[in-house]
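Worksheet for the structure shown next.
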Protein chains: 2
Amino acid sequence: VISTLIRERNDELFERAKRVVPAGMYGHTFVGLNPPSYPQFFSRGKGCRVWDVDGNPYIDLMCAWGPMVLGYGDAEVEAAAARQRSAGDCLDGPSPVFVELAETLVESVPHADWSMFAKNGTDATTLAVRIARAGTGRDKVLMAHGAYHGVASWCADNKVGIAASEQSDTAYFEYNDLVSAEQAAAALAGQVAAIVVCPMRHDTRRDVELVDPEFARGVRALCDRIGAALILDEVRCGMRFDMRGTWEPIGVRPDLSAWSKAIANGYSLAAVLGIDALRQPATEIFTTGSFWFGGVAMAASLATLAGMRERDGVGRMSASGERLREGLREQATSHGLAIRLTGAPQMPMMLFARDDARLERSNAFAGACVENGVFLHPRHNWFLSAAHTAEDIDEALLATDVAFSVVRERFGAE
Amino acid sequence: VISTLIRERNDELFERAKRVVPAGMYGHTFVGLNPPSYPQFFSRGKGCRVWDVDGNPYIDLMCAWGPMVLGYGDAEVEAAAARQRSAGDCLDGPSPVFVELAETLVESVPHADWSMFAKNGTDATTLAVRIARAGTGRDKVLMAHGAYHGVASWCADNKVGIAASEQSDTAYFEYNDLVSAEQAAAALAGQVAAIVVCPMRHDTRRDVELVDPEFARGVRALCDRIGAALILDEVRCGMRFDMRGTWEPIGVRPDLSAWSKAIANGYSLAAVLGIDALRQPATEIFTTGSFWFGGVAMAASLATLAGMRERDGVGRMSASGERLREGLREQATSHGLAIRLTGAPQMPMMLFARDDARLERSNAFAGACVENGVFLHPRHNWFLSAAHTAEDIDEALLATDVAFSVVRERFGAE
């Protein structure tokens with residue numbers, strides 16, 4: 001399907017990009033595997049909407065892949081960032097917002113006694129692993145098969161350019177399968193520094209699995225029994241489910257948690273939160289970055305956390321996400337199509353029951369959504385924000401209805 | 001020595017920080033090892049000056065540890081950043097500035113055929129290593145003893161929290177000692193993916209050594225002979241010596257170069273530049289970050305590179321640095337003190353010839369400079385910028401003269 005959207009500027013930029021960037025683009029926003037309607041380059045964002053470089057508007061159900069929680073260009077976040085910026089950002093040391101943000105996070109997240117900051121999710125998960133290794137004097141790290149904890153060597157899924165040695169201390173278990181975690185730990189008895197786990201299983205290309213509370217409690221008990229640190233990777237879920245931590249409602253608290261994406265509404269920031277028992281090891285490792293102590297992202301984060309609280313951000317995005325899911329379910333039924341909507345309203349995943357490994361139906365659906373002004377992804381969970389209103393969702397559902405009819409027409413019922 | 005500067009707000013913030021951040025602070029800006037006059041927290045920067053949170057002003061000879069090259073709050077950089085910000089920063093994909101910046105870097109830096117972007121120096125050096133491993137199918141990486149290439153596991157100097165496996169493919173040579181590099185490569189014949197090297201030896205606590213051109217040419221030839229990639233770590237030197245690359249004047253071009261710090265005047269950005277032969281491997285590895293494609297830092301970088309060119313930034317900071325070095329030499333002589341001024345004017349390193357391993361003279365000097373309104377470092381090279389005028393340097397020299405007299409008084413001549 002050739003897109004009917006105007007792609008002139010996008011295609012010109014992509015041709016130029018291919019000369020000066022390998023493949024023209026890389027990483028999670030590369031559209032090379034997506035339907036041809038996908039734009040690669042964007043010019044603007046406002047509220048829950050983005051515009052591509054040809055001026056085509058979209059209701060954004062990807063939220064910049066997570067960071068946007070209050071809306072692009074949120075007035076309060078931008079005002080706080082601008083105030084800090086007019087004083088200074090990257091200086092010879094941190095600004096007062098560094099302390100204020102650490103205090104706010106420690107106050108908000110019950111397991112946390114202290115905080116450290118960095119720039120990306122990968123920084124945070126990797127720093128947490130380093131602190132766990134320092135605190136236990138052990139090397140092995142257990143993570144779930146297929147989980148994404150960033151692009152660091154210890155956890156990278158794509159092994160190209162990774163030395164075998166770099167993953168030789170990483171071992172695996174199955175998410176939501178406590179026996180597999182216990183077996184993995186037993187096979188490395190006395191050597192496990194940490195178990196790293198996401199608040200839910202949100203791997204690409206498959207249904208999202210909410211955590212089984214028994215699994216979460218079991219992993220917590222396992223860590224306590226073997227003296228390993230429990231690291232909760234909140235990079236993707238953090239601040240979308242519970243401002244106290246995504247596992248707080250089920251009563252399971254980690255020793256270390258890694259945060260990024262949503263904590264500063266699009267400003268580059270990450271945080272590691274930890275318990276008192278790991279405070280000393282956290283002083284013994286060395287980590288830093290030239291831009292890690294810049295105040296603007298921290299000021300933005302303080303405003304983001306306040307805005308999420310004052311505007312009931314989690315409640316709003318849950319309600320919008322639920323409205324979207326209900327609409328999608330009704331539409332799928334009316335078109336005679338079997339879908340699986342998994343995960344949670346704030347971070348929905350939709351797959352077609354009859355799709356094969358190529359996800360042809362998902363691709364057709366997502367491509368048609370983009371054609372019709374809704375930006376979402378065929379293989380990755382979507383994200384809602386506090387900026388999505390019921391009206392925005394109803395407008396998005398006009399596009400998804402067209403997209404379902406495209407799938408029905410091309411692949412038949414079911 | 002108790003500082004005579006007002007430290008009320010600083011000390012209050014530090015006390016609060018100690019409750020919610022391990023040791024109150026971490027990384028390169030932690031002042032725990034510095035003389036007591038050092039402020040930990042900063043409130044403001046403008047031009048070549050910073051203010052601590054108690055309002056004490058400093059002429060800044062650290063330039064935010066490198067990133068600041070055109071001056072804090074540079075009008076042109078901030079205007080470019082603001083224009084991009086009003087459209088959008090972190091969106092669902094890159095903005096046109098992504099392509100424009102890649103084109104500009106590829107045009108400016110002769111060895112570069114392509115560019116990739118990230119956020120920190122560590123991201124860039126580590127990405128370069130990954131691409132070299134992907135391109136050669138080999139694992140071993142050679143680096144100089146004592147060199148700083150960031151905080152990633154493969155190169156970390158502090159081993160706390162690092163598994164031995166993570167550095168098992170890293171081997172070492174002595175900077176400016178070609179025989180040691182050749183021996184290290186010979187010991188790992190057929191296994192070396194890359195030799196990583198800084199444009200000069202700028203380790204902390206010791207004289208900076210400019211590169212011996214014969215060493216640079218020899219390392220280039222060695223890489224060619226053994227089929228390894230030559231990675232030039234430009235994170236600290238980049239854009240302060242030659243906009244084409246720090247080794248361009250000696251005619252040695254790397255296969256990959258890693259950039260960060262100065263390329264966006266304080267905005268968080270890093271780049272890896274590479275040759276055509278490594279374009280395909282660069283498409284086969286997977287790397288990304290939630291904030292890597294944000295347009296604001298890229299717009300700031302374009303304005304920074306333009307400003308550095310239009311204002312002859314390298315020439316200006318060389319001239320200011322030379323004026324500073326001349327003044328320091330004269331003052332040291334007049335106080336009867338033996339100093340070693342090494343490195344280059346733009347990135348000077350000053351040590352006292354008679355200092356012992358504790359660097360007591362350096363500490364006394366730096367502490368007195370801070371007391372008298374000049375911010376520099378006792379163990380790390382300093383940085384000049386295009387914002388430092390002759391008048392600023394002359395003002396700074398008033399403080400350094402007092403500082404030399406403090407050293408002379410406390411430790412005697414020489």
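A note on labels: chains of the structure tokens are A, B, ... as shown, every chain counts residues from 1, and ligands are counted from 1 in their shown order.
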Least-squares superposed chain A, target chain B, every Cα, as a short mmCIF file (atom, residue, chain, number, x, y, z; two decimals) with C-alpha atoms, in the first residue's frame:
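Printed below is out_33.cif as written:
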```
data_model
loop_
_atom_site.label_atom_id
_atom_site.label_comp_id
_atom_site.auth_asym_id
_atom_site.auth_seq_id
_atom_site.Cartn_x
_atom_site.Cartn_y
_atom_site.Cartn_z
CA VAL A 1 41.22 26.30 56.02
CA ILE A 2 37.63 27.24 56.64
CA SER A 3 36.24 29.19 53.73
CA THR A 4 35.54 32.87 54.29
CA LEU A 5 32.87 32.72 51.56
CA ILE A 6 29.29 32.60 52.68
CA ARG A 7 28.21 28.96 52.43
CA GLU A 8 24.91 29.06 54.24
CA ARG A 9 22.58 27.93 51.45
CA ASN A 10 25.20 25.53 50.06
CA ASP A 11 25.69 23.83 53.40
CA GLU A 12 21.97 23.60 54.04
CA LEU A 13 21.44 21.99 50.63
CA PHE A 14 24.34 19.61 51.18
CA GLU A 15 22.89 18.50 54.53
CA ARG A 16 19.53 17.87 52.86
CA ALA A 17 21.25 16.11 49.96
CA LYS A 18 23.09 13.76 52.31
CA ARG A 19 19.74 12.40 53.45
CA VAL A 20 18.38 11.61 49.97
CA VAL A 21 21.48 11.02 47.79
CA PRO A 22 24.34 8.65 48.69
CA ALA A 23 27.10 10.85 50.16
CA GLY A 24 25.01 13.85 49.11
CA MET A 25 26.51 13.87 45.63
CA TYR A 26 28.45 11.63 43.24
CA GLY A 27 30.41 11.76 40.03
CA HIS A 28 32.82 14.32 38.67
CA THR A 29 31.23 17.34 40.34
CA PHE A 30 31.34 15.88 43.87
CA VAL A 31 33.49 18.25 45.96
CA GLY A 32 34.18 15.87 48.83
CA LEU A 33 37.88 15.59 47.96
CA ASN A 34 38.33 19.31 47.29
CA PRO A 35 39.37 22.13 49.62
CA PRO A 36 36.55 23.35 51.87
CA SER A 37 36.07 26.56 49.92
CA TYR A 38 34.45 24.61 47.06
CA PRO A 39 30.74 25.11 46.60
CA GLN A 40 28.75 21.96 45.71
CA PHE A 41 25.66 23.71 44.34
CA PHE A 42 25.33 26.34 41.67
CA SER A 43 22.45 28.66 40.88
CA ARG A 44 23.39 30.46 37.70
CA GLY A 45 25.71 30.83 34.71
CA LYS A 46 26.18 33.66 32.22
CA GLY A 47 28.97 34.07 29.72
CA CYS A 48 32.17 32.81 31.36
CA ARG A 49 30.82 33.26 34.89
CA VAL A 50 28.96 31.06 37.36
CA TRP A 51 27.32 31.85 40.69
CA ASP A 52 27.02 29.41 43.56
CA VAL A 53 23.77 29.09 45.51
CA ASP A 54 24.97 31.69 48.03
CA GLY A 55 25.43 34.22 45.25
CA ASN A 56 29.23 34.09 45.18
CA PRO A 57 30.42 34.79 41.63
CA TYR A 58 33.27 33.01 39.84
CA ILE A 59 35.11 33.37 36.61
CA ASP A 60 34.67 29.82 35.39
CA LEU A 61 37.78 28.03 34.19
CA MET A 62 36.03 24.64 34.20
CA CYS A 63 33.27 25.50 31.67
CA ALA A 64 30.89 22.97 33.22
CA TRP A 65 33.74 20.45 32.81
CA GLY A 66 33.89 21.07 29.08
CA PRO A 67 30.42 21.50 27.59
CA MET A 68 30.39 25.30 27.73
CA VAL A 69 32.36 26.64 24.73
CA LEU A 70 30.48 29.78 23.66
CA GLY A 71 29.42 30.98 27.10
CA TYR A 72 26.56 30.09 29.41
CA GLY A 73 23.23 31.24 28.01
CA ASP A 74 24.74 32.12 24.63
CA ALA A 75 22.08 34.16 22.83
CA GLU A 76 22.37 32.42 19.46
CA VAL A 77 22.43 28.90 20.88
CA GLU A 78 19.50 29.64 23.17
CA ALA A 79 17.51 31.22 20.35
CA ALA A 80 18.04 28.18 18.13
CA ALA A 81 17.10 25.86 20.98
CA ALA A 82 14.00 27.93 21.78
CA ARG A 83 12.84 27.85 18.15
CA GLN A 84 13.07 24.06 18.08
CA ARG A 85 11.51 23.73 21.53
CA SER A 86 8.46 25.76 20.53
CA ALA A 87 7.87 23.17 17.79
CA GLY A 88 8.86 20.07 19.70
CA ASP A 89 11.73 18.21 21.35
CA CYS A 90 11.19 14.56 22.19
CA LEU A 91 8.54 13.41 19.66
CA ASP A 92 7.72 10.06 18.02
CA GLY A 93 10.80 10.33 15.81
CA PRO A 94 13.57 12.72 14.88
CA SER A 95 13.06 16.26 13.60
CA PRO A 96 14.69 17.77 10.49
CA VAL A 97 17.60 19.06 12.62
CA PHE A 98 18.66 15.41 13.01
CA VAL A 99 19.51 15.32 9.30
CA GLU A 100 20.94 18.83 9.23
CA LEU A 101 23.28 18.09 12.13
CA ALA A 102 24.45 14.79 10.62
CA GLU A 103 25.16 16.60 7.36
CA THR A 104 27.02 19.39 9.13
CA LEU A 105 29.22 17.00 11.09
CA VAL A 106 29.97 14.84 8.07
CA GLU A 107 30.89 17.98 6.15
CA SER A 108 33.04 19.39 8.98
CA VAL A 109 34.96 16.29 10.04
CA PRO A 110 36.99 14.86 7.15
CA HIS A 111 37.12 11.24 8.31
CA ALA A 112 33.35 11.07 8.78
CA ASP A 113 30.97 9.57 6.21
CA TRP A 114 28.08 9.19 8.64
CA SER A 115 26.90 10.17 12.09
CA MET A 116 24.82 8.66 14.89
CA PHE A 117 23.64 10.53 17.98
CA ALA A 118 23.22 9.77 21.65
CA LYS A 119 23.23 11.73 24.92
CA ASN A 120 26.51 11.26 26.82
CA GLY A 121 30.18 10.71 26.14
CA THR A 122 29.90 7.20 27.59
CA ASP A 123 27.14 6.43 25.08
CA ALA A 124 29.39 7.53 22.23
CA THR A 125 32.58 5.69 23.17
CA THR A 126 30.61 2.54 23.95
CA LEU A 127 28.65 2.71 20.70
CA ALA A 128 31.91 3.13 18.78
CA VAL A 129 33.31 0.01 20.44
CA ARG A 130 30.15 -1.92 19.59
CA ILE A 131 30.35 -0.88 15.94
CA ALA A 132 34.03 -1.83 15.80
CA ARG A 133 33.25 -5.26 17.25
CA ALA A 134 30.39 -5.69 14.77
CA GLY A 135 32.62 -4.63 11.87
CA THR A 136 35.55 -6.87 12.74
CA GLY A 137 33.79 -9.84 14.33
CA ARG A 138 36.37 -9.57 17.11
CA ASP A 139 36.06 -8.80 20.82
CA LYS A 140 39.26 -7.27 22.17
CA VAL A 141 39.62 -3.55 22.74
CA LEU A 142 42.90 -1.81 23.51
CA MET A 143 42.98 1.42 25.52
CA ALA A 144 45.66 3.42 27.30
CA HIS A 145 46.36 2.80 30.98
CA GLY A 146 44.70 5.52 33.03
CA ALA A 147 42.62 6.92 30.19
CA TYR A 148 39.06 8.00 30.86
CA HIS A 149 36.56 6.91 28.21
CA GLY A 150 33.47 7.21 30.40
CA VAL A 151 31.76 5.04 32.99
CA ALA A 152 30.78 2.02 30.90
CA SER A 153 31.86 -1.35 32.22
CA TRP A 154 34.39 -2.04 29.44
CA CYS A 155 36.54 0.97 30.38
CA ALA A 156 35.68 1.89 33.99
CA ASP A 157 38.68 2.70 36.15
CA ASN A 158 36.87 2.22 39.46
CA LYS A 159 36.15 -1.52 39.51
CA VAL A 160 33.57 -1.51 42.31
CA GLY A 161 30.38 -3.12 41.03
CA ILE A 162 32.03 -4.20 37.79
CA ALA A 163 32.09 -7.93 37.06
CA ALA A 164 35.53 -9.17 36.02
CA SER A 165 33.94 -10.56 32.85
CA GLU A 166 32.98 -7.05 31.76
CA GLN A 167 36.61 -6.03 31.34
CA SER A 168 37.98 -9.38 30.26
CA ASP A 169 38.14 -8.22 26.63
CA THR A 170 39.85 -4.92 27.43
CA ALA A 171 43.64 -4.72 27.25
CA TYR A 172 46.01 -1.83 27.83
CA PHE A 173 48.95 0.05 26.40
CA GLU A 174 50.88 3.16 27.45
CA TYR A 175 49.88 6.43 25.84
CA ASN A 176 52.53 7.77 23.45
CA ASP A 177 54.37 4.44 23.63
CA LEU A 178 53.88 2.77 20.26
CA VAL A 179 55.89 -0.30 21.22
CA SER A 180 53.51 -0.97 24.10
CA ALA A 181 50.53 -0.72 21.74
CA GLU A 182 52.17 -3.05 19.24
CA GLN A 183 52.99 -5.52 22.00
CA ALA A 184 49.44 -5.42 23.34
CA ALA A 185 48.12 -6.05 19.82
CA ALA A 186 50.61 -8.85 19.18
CA ALA A 187 49.62 -10.58 22.41
CA LEU A 188 46.03 -10.66 21.08
CA ALA A 189 46.84 -11.34 17.44
CA GLY A 190 43.74 -11.64 15.31
CA GLN A 191 41.42 -10.67 18.16
CA VAL A 192 41.64 -6.89 18.31
CA ALA A 193 38.47 -5.09 17.26
CA ALA A 194 39.59 -1.57 18.11
CA ILE A 195 42.23 0.67 19.58
CA VAL A 196 40.59 3.48 21.54
CA VAL A 197 42.65 6.56 22.16
CA CYS A 198 42.22 10.17 23.24
CA PRO A 199 43.70 13.00 21.13
CA MET A 200 46.05 13.72 24.03
CA ARG A 201 46.75 12.13 27.37
CA HIS A 202 44.53 14.08 29.74
CA ASP A 203 44.31 11.80 32.76
CA THR A 204 43.60 13.44 36.12
CA ARG A 205 46.36 14.17 38.67
CA ARG A 206 49.19 14.23 36.12
CA ASP A 207 50.67 16.39 33.42
CA VAL A 208 48.78 16.45 30.16
CA GLU A 209 50.85 14.90 27.37
CA LEU A 210 50.21 16.14 23.86
CA VAL A 211 50.20 13.29 21.41
CA ASP A 212 53.50 12.39 19.78
CA PRO A 213 52.62 12.55 16.05
CA GLU A 214 54.75 9.45 15.51
CA PHE A 215 52.62 7.61 18.05
CA ALA A 216 49.40 8.73 16.36
CA ARG A 217 50.68 7.69 12.93
CA GLY A 218 51.99 4.43 14.35
CA VAL A 219 48.67 3.55 15.98
CA ARG A 220 46.93 4.33 12.69
CA ALA A 221 49.32 2.04 10.81
CA LEU A 222 48.96 -0.65 13.47
CA CYS A 223 45.18 -0.62 13.12
CA ASP A 224 45.48 -0.86 9.35
CA ARG A 225 47.93 -3.74 9.63
CA ILE A 226 45.84 -5.81 12.04
CA GLY A 227 42.45 -4.85 10.62
CA ALA A 228 41.25 -3.10 13.77
CA ALA A 229 39.25 0.12 13.97
CA LEU A 230 40.96 3.24 15.30
CA ILE A 231 38.52 5.01 17.64
CA LEU A 232 39.40 8.58 18.58
CA ASP A 233 37.72 9.66 21.82
CA GLU A 234 37.09 13.37 21.16
CA VAL A 235 34.66 13.72 24.07
CA ARG A 236 36.91 16.04 26.05
CA CYS A 237 39.01 17.69 23.31
CA GLY A 238 36.46 17.84 20.50
CA MET A 239 35.74 21.31 19.06
CA ARG A 240 38.37 22.97 21.29
CA PHE A 241 41.38 22.35 19.05
CA ASP A 242 40.24 21.88 15.48
CA MET A 243 36.67 21.71 14.22
CA ARG A 244 37.81 18.99 11.78
CA GLY A 245 39.08 16.74 14.57
CA THR A 246 41.91 17.17 17.02
CA TRP A 247 44.34 14.98 15.06
CA GLU A 248 43.58 16.57 11.68
CA PRO A 249 46.59 18.94 11.85
CA ILE A 250 48.91 15.95 12.24
CA GLY A 251 47.18 14.13 9.39
CA VAL A 252 45.88 11.12 11.29
CA ARG A 253 42.25 10.18 10.75
CA PRO A 254 40.35 7.64 12.84
CA ASP A 255 37.76 5.14 11.60
CA LEU A 256 35.33 6.15 14.34
CA SER A 257 35.26 9.20 16.57
CA ALA A 258 33.21 9.83 19.72
CA TRP A 259 32.02 13.36 20.54
CA SER A 260 30.02 14.98 23.28
CA LYS A 261 30.61 17.75 25.86
CA ALA A 262 31.28 20.86 23.75
CA ILE A 263 29.22 20.02 20.67
CA ALA A 264 25.99 21.63 21.92
CA ASN A 265 27.23 24.26 24.43
CA GLY A 266 25.77 22.44 27.43
CA TYR A 267 22.80 20.63 25.91
CA SER A 268 22.95 16.88 26.38
CA LEU A 269 24.20 15.38 23.13
CA ALA A 270 26.80 12.92 21.86
CA ALA A 271 27.77 11.76 18.39
CA VAL A 272 29.65 8.88 16.81
CA LEU A 273 31.15 9.63 13.42
CA GLY A 274 32.39 6.83 11.18
CA ILE A 275 33.81 5.80 7.86
CA ASP A 276 31.91 4.15 5.01
CA ALA A 277 33.48 0.75 5.66
CA LEU A 278 31.73 0.69 9.06
CA ARG A 279 28.36 1.90 7.80
CA GLN A 280 26.91 -1.60 7.37
CA PRO A 281 27.97 -2.88 10.82
CA ALA A 282 26.50 0.31 12.27
CA THR A 283 23.12 -0.75 10.85
CA GLU A 284 23.39 -4.24 12.33
CA ILE A 285 23.91 -3.32 15.97
CA PHE A 286 20.95 -2.07 17.96
CA THR A 287 21.21 1.03 20.04
CA THR A 288 18.76 3.70 21.07
CA GLY A 289 17.53 5.90 23.89
CA SER A 290 14.20 7.48 24.74
CA PHE A 291 15.63 11.01 24.46
CA TRP A 292 18.34 10.52 21.84
CA PHE A 293 16.34 12.01 18.98
CA GLY A 294 15.11 15.15 20.72
CA GLY A 295 15.57 18.11 18.40
CA VAL A 296 16.42 20.83 20.92
CA ALA A 297 19.96 19.60 21.66
CA MET A 298 20.53 19.12 17.92
CA ALA A 299 19.35 22.65 17.13
CA ALA A 300 21.64 23.89 19.91
CA SER A 301 24.49 21.90 18.39
CA LEU A 302 23.97 23.39 14.93
CA ALA A 303 24.06 26.88 16.46
CA THR A 304 27.11 25.98 18.56
CA LEU A 305 29.07 24.71 15.57
CA ALA A 306 28.09 27.77 13.53
CA GLY A 307 28.98 30.09 16.40
CA MET A 308 32.34 28.43 16.93
CA ARG A 309 33.11 28.92 13.26
CA GLU A 310 31.79 32.47 12.88
CA ARG A 311 33.40 33.72 16.06
CA ASP A 312 36.64 31.75 15.65
CA GLY A 313 35.91 29.99 18.91
CA VAL A 314 39.08 27.90 18.84
CA GLY A 315 41.22 30.98 18.16
CA ARG A 316 39.56 32.95 20.92
CA MET A 317 39.91 30.30 23.58
CA SER A 318 43.49 29.62 22.52
CA ALA A 319 44.32 33.32 22.90
CA SER A 320 42.63 33.55 26.30
CA GLY A 321 44.26 30.36 27.44
CA GLU A 322 47.67 31.57 26.29
CA ARG A 323 47.18 34.87 28.14
CA LEU A 324 46.24 32.86 31.26
CA ARG A 325 49.26 30.58 30.95
CA GLU A 326 51.67 33.47 30.44
CA GLY A 327 50.24 35.22 33.47
CA LEU A 328 50.48 32.08 35.59
CA ARG A 329 54.08 31.48 34.54
CA GLU A 330 55.09 35.04 35.41
CA GLN A 331 53.29 34.91 38.72
CA ALA A 332 54.79 31.57 39.70
CA THR A 333 58.25 32.88 38.91
CA SER A 334 57.69 36.05 40.87
CA HIS A 335 56.54 34.02 43.88
CA GLY A 336 59.49 31.67 43.53
CA LEU A 337 57.27 28.67 42.84
CA ALA A 338 58.00 25.92 40.32
CA ILE A 339 54.95 24.91 38.31
CA ARG A 340 54.34 22.68 35.31
CA LEU A 341 51.83 24.03 32.80
CA THR A 342 51.02 21.28 30.36
CA GLY A 343 48.47 20.49 27.70
CA ALA A 344 47.29 23.27 25.47
CA PRO A 345 46.06 26.80 26.20
CA GLN A 346 42.40 25.80 25.63
CA MET A 347 42.67 22.95 28.13
CA PRO A 348 45.48 23.80 30.53
CA MET A 349 46.74 21.61 33.36
CA MET A 350 48.78 23.18 36.14
CA LEU A 351 50.63 21.21 38.78
CA PHE A 352 53.31 22.25 41.26
CA ALA A 353 56.71 20.71 40.63
CA ARG A 354 57.32 20.06 44.33
CA ASP A 355 53.88 18.64 45.14
CA ASP A 356 53.62 15.14 46.54
CA ALA A 357 50.91 12.58 45.77
CA ARG A 358 48.42 14.43 47.96
CA LEU A 359 48.77 17.51 45.72
CA GLU A 360 48.73 19.78 48.77
CA ARG A 361 50.01 22.79 46.84
CA SER A 362 47.47 22.27 44.07
CA ASN A 363 44.72 22.03 46.63
CA ALA A 364 45.84 25.16 48.43
CA PHE A 365 46.12 27.03 45.13
CA ALA A 366 42.74 25.91 43.82
CA GLY A 367 41.06 26.52 47.16
CA ALA A 368 42.44 30.05 47.28
CA CYS A 369 41.33 30.68 43.68
CA VAL A 370 37.78 29.69 44.61
CA GLU A 371 37.96 31.94 47.68
CA ASN A 372 38.92 34.75 45.36
CA GLY A 373 36.34 34.21 42.67
CA VAL A 374 37.97 31.89 40.14
CA PHE A 375 36.56 28.39 39.71
CA LEU A 376 39.14 25.81 38.60
CA HIS A 377 40.15 22.33 39.71
CA PRO A 378 43.13 21.00 41.67
CA ARG A 379 43.39 17.60 39.93
CA HIS A 380 41.69 17.90 36.55
CA ASN A 381 42.56 19.96 33.49
CA TRP A 382 40.76 23.27 33.12
CA PHE A 383 38.77 24.48 30.12
CA LEU A 384 38.68 27.82 28.34
CA SER A 385 35.82 29.06 26.17
CA ALA A 386 35.16 31.59 23.45
CA ALA A 387 33.40 33.70 26.09
CA HIS A 388 36.57 34.37 28.07
CA THR A 389 37.95 37.81 27.10
CA ALA A 390 41.37 39.25 27.86
CA GLU A 391 39.70 41.31 30.59
CA ASP A 392 38.22 38.20 32.17
CA ILE A 393 41.62 36.54 32.15
CA ASP A 394 43.28 39.59 33.67
CA GLU A 395 40.64 39.58 36.40
CA ALA A 396 41.22 35.87 36.97
CA LEU A 397 44.95 36.52 37.24
CA LEU A 398 44.36 38.86 40.18
CA ALA A 399 42.95 35.85 42.03
CA THR A 400 45.66 33.42 40.95
CA ASP A 401 48.29 35.87 42.19
CA VAL A 402 46.72 35.79 45.64
CA ALA A 403 46.53 31.99 45.40
CA PHE A 404 50.23 31.70 44.56
CA SER A 405 51.04 33.85 47.59
CA VAL A 406 48.98 31.49 49.75
CA VAL A 407 50.96 28.52 48.42
CA ARG A 408 54.25 30.34 48.93
CA GLU A 409 53.29 31.29 52.46
CA ARG A 410 52.19 27.81 53.39
CA PHE A 411 54.79 25.67 51.63
CA GLY A 412 57.70 28.01 51.02
CA ALA A 413 59.50 28.70 47.76
CA GLU A 414 59.62 26.09 44.96
#
```
May I have all residues of range 144-289 of chain B that DSSP, computed from the backbone, assigns to strand (DSSP E or B), given as a VMD selection string? chain B and resid 144 170 to 173 192 to 197 200 to 201 209 to 210 229 to 233 256 to 259 270 to 274
Step one, run DSSP on the backbone; step two, keep only residues of range 117-255 of chain B assigned to helix (DSSP H, G or I); then write them as a PyMOL selection string. chain B and resi 121-136+164-167+178-187+213-226+248-250
